[in-house]
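Novice: This is the structure, below, for whatever I ask next.
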Amino acid sequence: MKIEEAINFGQKMLSTVERPRFEAEILLSFVLKKDRVFLHLNSDKTLEEKDESLYINLLKKRAKNYPLEYITKRVSFYSEEFFIEEGVLIPRPETELLVDRVLENVDNNKNLTIAEIGVGSGVISIILAKKLKNAKIIATDISKKALNVAKKNIQKHKVEDKIKLLNCSFLDLVDEKVDIIVSNPPYIAKDYKLSQNVLYEPKEALFGGEKGDEILKEIIDLAIKREVKLLACEMGYDQKKSISKYSQKNGLRPIFYKDLAGFDRGFIIKVH
């Protein structure tokens with residue numbers, strides 16, 4: 001099979017995904033360890049049998065909605081590339097908005113201690129570490145697998161001196177005074193039916209309880225208890241009312257923001 005034939009074949013196999021030709025090219029590039037430009041410049045080149053076999057196997061895997069990011073072990077976030085693997089939540093483009101909200105509400109010249117609850121692959125903490133020159137970040141997660149992936153990404157982006165990882169729930173092992181809490185916690189309701197591709201991702205990083213907002217409310221409580229200056233969280237599109245009510249009951253006024261699709265996606269609270 002020639003490269004052009006392989007791409008056309010892949011496009012047909014991936015007819016159920018959103019961008020079949022693009023993803024076929026990504027998978028073939030991954031197999032050949034070349035970029036997509038190489039594919040177009042060498043469209044008449046014949047694939048080696050082992051490469052063709054691997055490519056077809058990966059197409060079959062992707063056709064069953066197995067995430068592309070888990071296959072290539074790469075994910076893009078904030079225009080940077082990160083390592084990812086199965087067992088760790090795949091960062092979403094909308095989470096970049098959470099980073100934006102933090103950056104808009106801090107003074108880059110001040111010494112800050114930021115705590116991230118549920119670090120996952122580490123993308124939020126790493127971007128904040130790179131953008132905020134005087135920030136120290138403490139990032140926690142209950143998943144050792146997530147912490148291992150975050151550690152690889154921290155090393156890849158050379159911010160080891162700015163981020164400390166802790167294996168714990170919430171801020172249980174954090175003794176330091178914290179200025180800011182940021183989190184993209186599990187916020188999906190227990191009975192919510194997930195799309196097929198999301199089923200491959202870790203449940204503990206997705207489901208936030210019976211209603212879905214339970215962990216978010218615990219984080220609000222923690223922000224009050226820890227007397228932080230700022231809390232920034234991502235949330236579900238249908239949780240604005242409950243978060244607003246809960247915050248106001250505690251004397252707080254959340255400022256909500258929408259994602260690019262126009263859905264309510266998160267909030268910031270100036271706590272103290």
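Note on naming: chains are A, B, ... as they come in the structure tokens, residues start from 1 per chain, ligands start from 1 in the order shown.
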Near Thr95 (chain A), counting only C-alpha atoms, which residues have an atom at most 10 Å away, once you skip same-chain residues fewer than 5 positions from it, shown as a list in words?

Specialist: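 The residues satisfying every condition are Phe77, Tyr78, Asp100, Val123, Ile124, Ser183, Asn184, Cys233, Glu234, Met235, Asp259, Arg265 and Gly266 of chain A.
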
Novice: For those residues, write N, CA and C atoms to a file as a tab-separated table (two decimals), in the first residue's frame.

Specialist:
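Done, and the output landed in selection.tsv:
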chain	number	residue	atom	x	y	z
A	77	PHE	N	-2.03	21.39	24.52
A	77	PHE	CA	-2.74	22.24	25.49
A	77	PHE	C	-2.00	23.57	25.54
A	78	TYR	N	-2.74	24.64	25.37
A	78	TYR	CA	-2.16	25.98	25.41
A	78	TYR	C	-1.00	26.11	24.41
A	100	ASP	N	-6.64	30.88	31.69
A	100	ASP	CA	-6.78	32.30	31.35
A	100	ASP	C	-7.36	33.10	32.51
A	123	VAL	N	-1.02	19.71	33.10
A	123	VAL	CA	-1.01	20.82	32.13
A	123	VAL	C	-1.32	22.18	32.75
A	124	ILE	N	-2.27	22.24	33.67
A	124	ILE	CA	-2.64	23.53	34.28
A	124	ILE	C	-1.48	24.09	35.09
A	183	SER	N	-8.67	24.32	40.20
A	183	SER	CA	-9.03	22.91	40.04
A	183	SER	C	-9.96	22.69	38.86
A	184	ASN	N	-9.70	21.59	38.16
A	184	ASN	CA	-10.66	21.05	37.18
A	184	ASN	C	-11.06	19.69	37.74
A	233	CYS	N	-12.29	27.40	39.37
A	233	CYS	CA	-12.68	26.02	39.09
A	233	CYS	C	-13.41	25.90	37.76
A	234	GLU	N	-13.20	24.76	37.11
A	234	GLU	CA	-14.04	24.39	35.98
A	234	GLU	C	-15.26	23.67	36.55
A	235	MET	N	-16.37	23.68	35.82
A	235	MET	CA	-17.59	23.03	36.31
A	235	MET	C	-18.42	22.54	35.12
A	259	ASP	N	-17.69	28.72	27.98
A	259	ASP	CA	-16.71	28.17	27.05
A	259	ASP	C	-16.99	28.69	25.63
A	265	ARG	N	-19.01	27.22	32.02
A	265	ARG	CA	-17.94	26.24	32.12
A	265	ARG	C	-17.08	26.37	33.37
A	266	GLY	N	-17.19	27.50	34.08
A	266	GLY	CA	-16.36	27.61	35.28
A	266	GLY	C	-16.66	28.89	36.03

Novice: From region 6-215 of chain A, collect each residue whose DSSP state is alpha helix (DSSP H) and return the set as a ChimeraX atom specification.

Specialist: /A:6-13,20-32,36-41,49-63,68-72,95-104,123-131,144-156,214-215

Novice: Restricting the calculation to only C-alpha atoms: of A:Ile138, A:Ile268, A:Leu54, A:Leu59, which residue gets closest to Leu173 (chain A)?

Specialist: A:Ile138

Novice: DSSP on the backbone, strand (DSSP E) only: what residues of region 32-259 of chain A does that give? Format it as a PyMOL selection string.

Specialist: chain A and resi 74-77+80-83+112-117+135-141+163-167+180-183+188-189+207-209+230-234+255-258

Novice: Tell me, counting only C-alpha atoms, for each residue of region 80-187 of chain A within 12 Å of region 204-209 of chain A, which pair of atoms is nearest and how far apart they are in Å to one decimal, in rows ordered by chain and increasing number, as CSV.

Specialist:
residue,atom,partner,partner_atom,distance
A:Gly87,CA,A:Ala205,CA,9.4
A:Val88,CA,A:Ala205,CA,7.9
A:Leu89,CA,A:Ala205,CA,6.4
A:Ile90,CA,A:Ala205,CA,9.8
A:Pro91,CA,A:Ala205,CA,11.1
A:Ile117,CA,A:Ala205,CA,11.3
A:Gly118,CA,A:Ala205,CA,8.1
A:Val119,CA,A:Ala205,CA,10.1
A:Gly120,CA,A:Ala205,CA,8.1
A:Ser121,CA,A:Ala205,CA,11.2
A:Asp141,CA,A:Ala205,CA,9.9
A:Ile142,CA,A:Glu204,CA,9.2
A:Ser143,CA,A:Glu204,CA,8.8
A:Lys145,CA,A:Ala205,CA,11.9
A:Ala146,CA,A:Ala205,CA,9.9
A:Ser169,CA,A:Glu204,CA,11.9
A:Ser183,CA,A:Ala205,CA,11.6
A:Asn184,CA,A:Ala205,CA,9.1
A:Pro185,CA,A:Ala205,CA,6.9
A:Pro186,CA,A:Leu206,CA,4.4
A:Tyr187,CA,A:Gly208,CA,4.3

Novice: If we count only C-alpha atoms and set the cut-off at 8 Å, which residues sit around region 63-69 of chain A, ignoring sequence neighbours fewer than 5 positions away in its own chain? Please answer as number ranges by chain.

Specialist: A: 13-14, 16-17, 23, 74-75, 84-85, 90, 196-198, 200

Novice: Okay, now the selection with N, CA and C atoms, as a tab-separated table (two decimals), in the first residue's frame?

Specialist:
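The resulting again.tsv:
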chain	number	residue	atom	x	y	z
A	13	MET	N	-12.00	3.95	7.00
A	13	MET	CA	-12.13	3.20	8.26
A	13	MET	C	-12.58	4.08	9.41
A	14	LEU	N	-12.21	5.36	9.33
A	14	LEU	CA	-12.54	6.28	10.42
A	14	LEU	C	-13.72	7.18	10.07
A	16	THR	N	-16.60	7.35	11.09
A	16	THR	CA	-17.47	7.75	12.21
A	16	THR	C	-16.86	8.86	13.07
A	17	VAL	N	-15.57	9.16	12.90
A	17	VAL	CA	-14.96	10.22	13.72
A	17	VAL	C	-15.16	11.57	13.03
A	23	GLU	N	-7.22	12.46	11.05
A	23	GLU	CA	-6.80	11.46	12.03
A	23	GLU	C	-6.05	10.30	11.38
A	74	ARG	N	0.26	11.73	22.98
A	74	ARG	CA	0.52	13.17	22.89
A	74	ARG	C	-0.79	13.93	22.95
A	75	VAL	N	-0.74	15.09	23.60
A	75	VAL	CA	-1.91	15.96	23.64
A	75	VAL	C	-1.43	17.41	23.61
A	84	ILE	N	0.73	11.98	27.44
A	84	ILE	CA	-0.50	11.47	28.06
A	84	ILE	C	-0.55	9.97	27.83
A	85	GLU	N	-1.23	9.26	28.72
A	85	GLU	CA	-1.43	7.83	28.52
A	85	GLU	C	-2.72	7.40	29.20
A	90	ILE	N	-7.67	13.15	29.70
A	90	ILE	CA	-7.14	13.89	28.55
A	90	ILE	C	-7.54	15.36	28.68
A	196	GLN	N	-19.07	7.53	23.90
A	196	GLN	CA	-18.28	6.29	23.81
A	196	GLN	C	-16.79	6.51	24.07
A	197	ASN	N	-16.21	7.56	23.47
A	197	ASN	CA	-14.76	7.75	23.61
A	197	ASN	C	-14.35	8.12	25.03
A	198	VAL	N	-15.23	8.81	25.77
A	198	VAL	CA	-14.91	9.22	27.14
A	198	VAL	C	-14.89	8.02	28.09
A	200	TYR	N	-13.27	5.46	27.96
A	200	TYR	CA	-11.91	4.93	28.13
A	200	TYR	C	-11.11	5.72	29.18

Novice: What does the distance from CA of Phe170 (chain A) to CA of Leu216 (chain A) come to in Å, to one decimal?

Specialist: 10.8 Å

Novice: Would you mind telling me which residue in A:Leu28, A:Leu252, A:Ala135, A:Leu41 lies nearest to Asn57 (chain A) when using only C-alpha atoms?

Specialist: A:Leu28

Novice: With only C-alpha atoms as the basis for distance, which of A:Asp35, A:Lys177, A:Val182, A:Ala115 is at the shortest distance from Lys164 (chain A)?

Specialist: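 That would be A:Ala115, the residue with the smallest distance to Lys164 (chain A).
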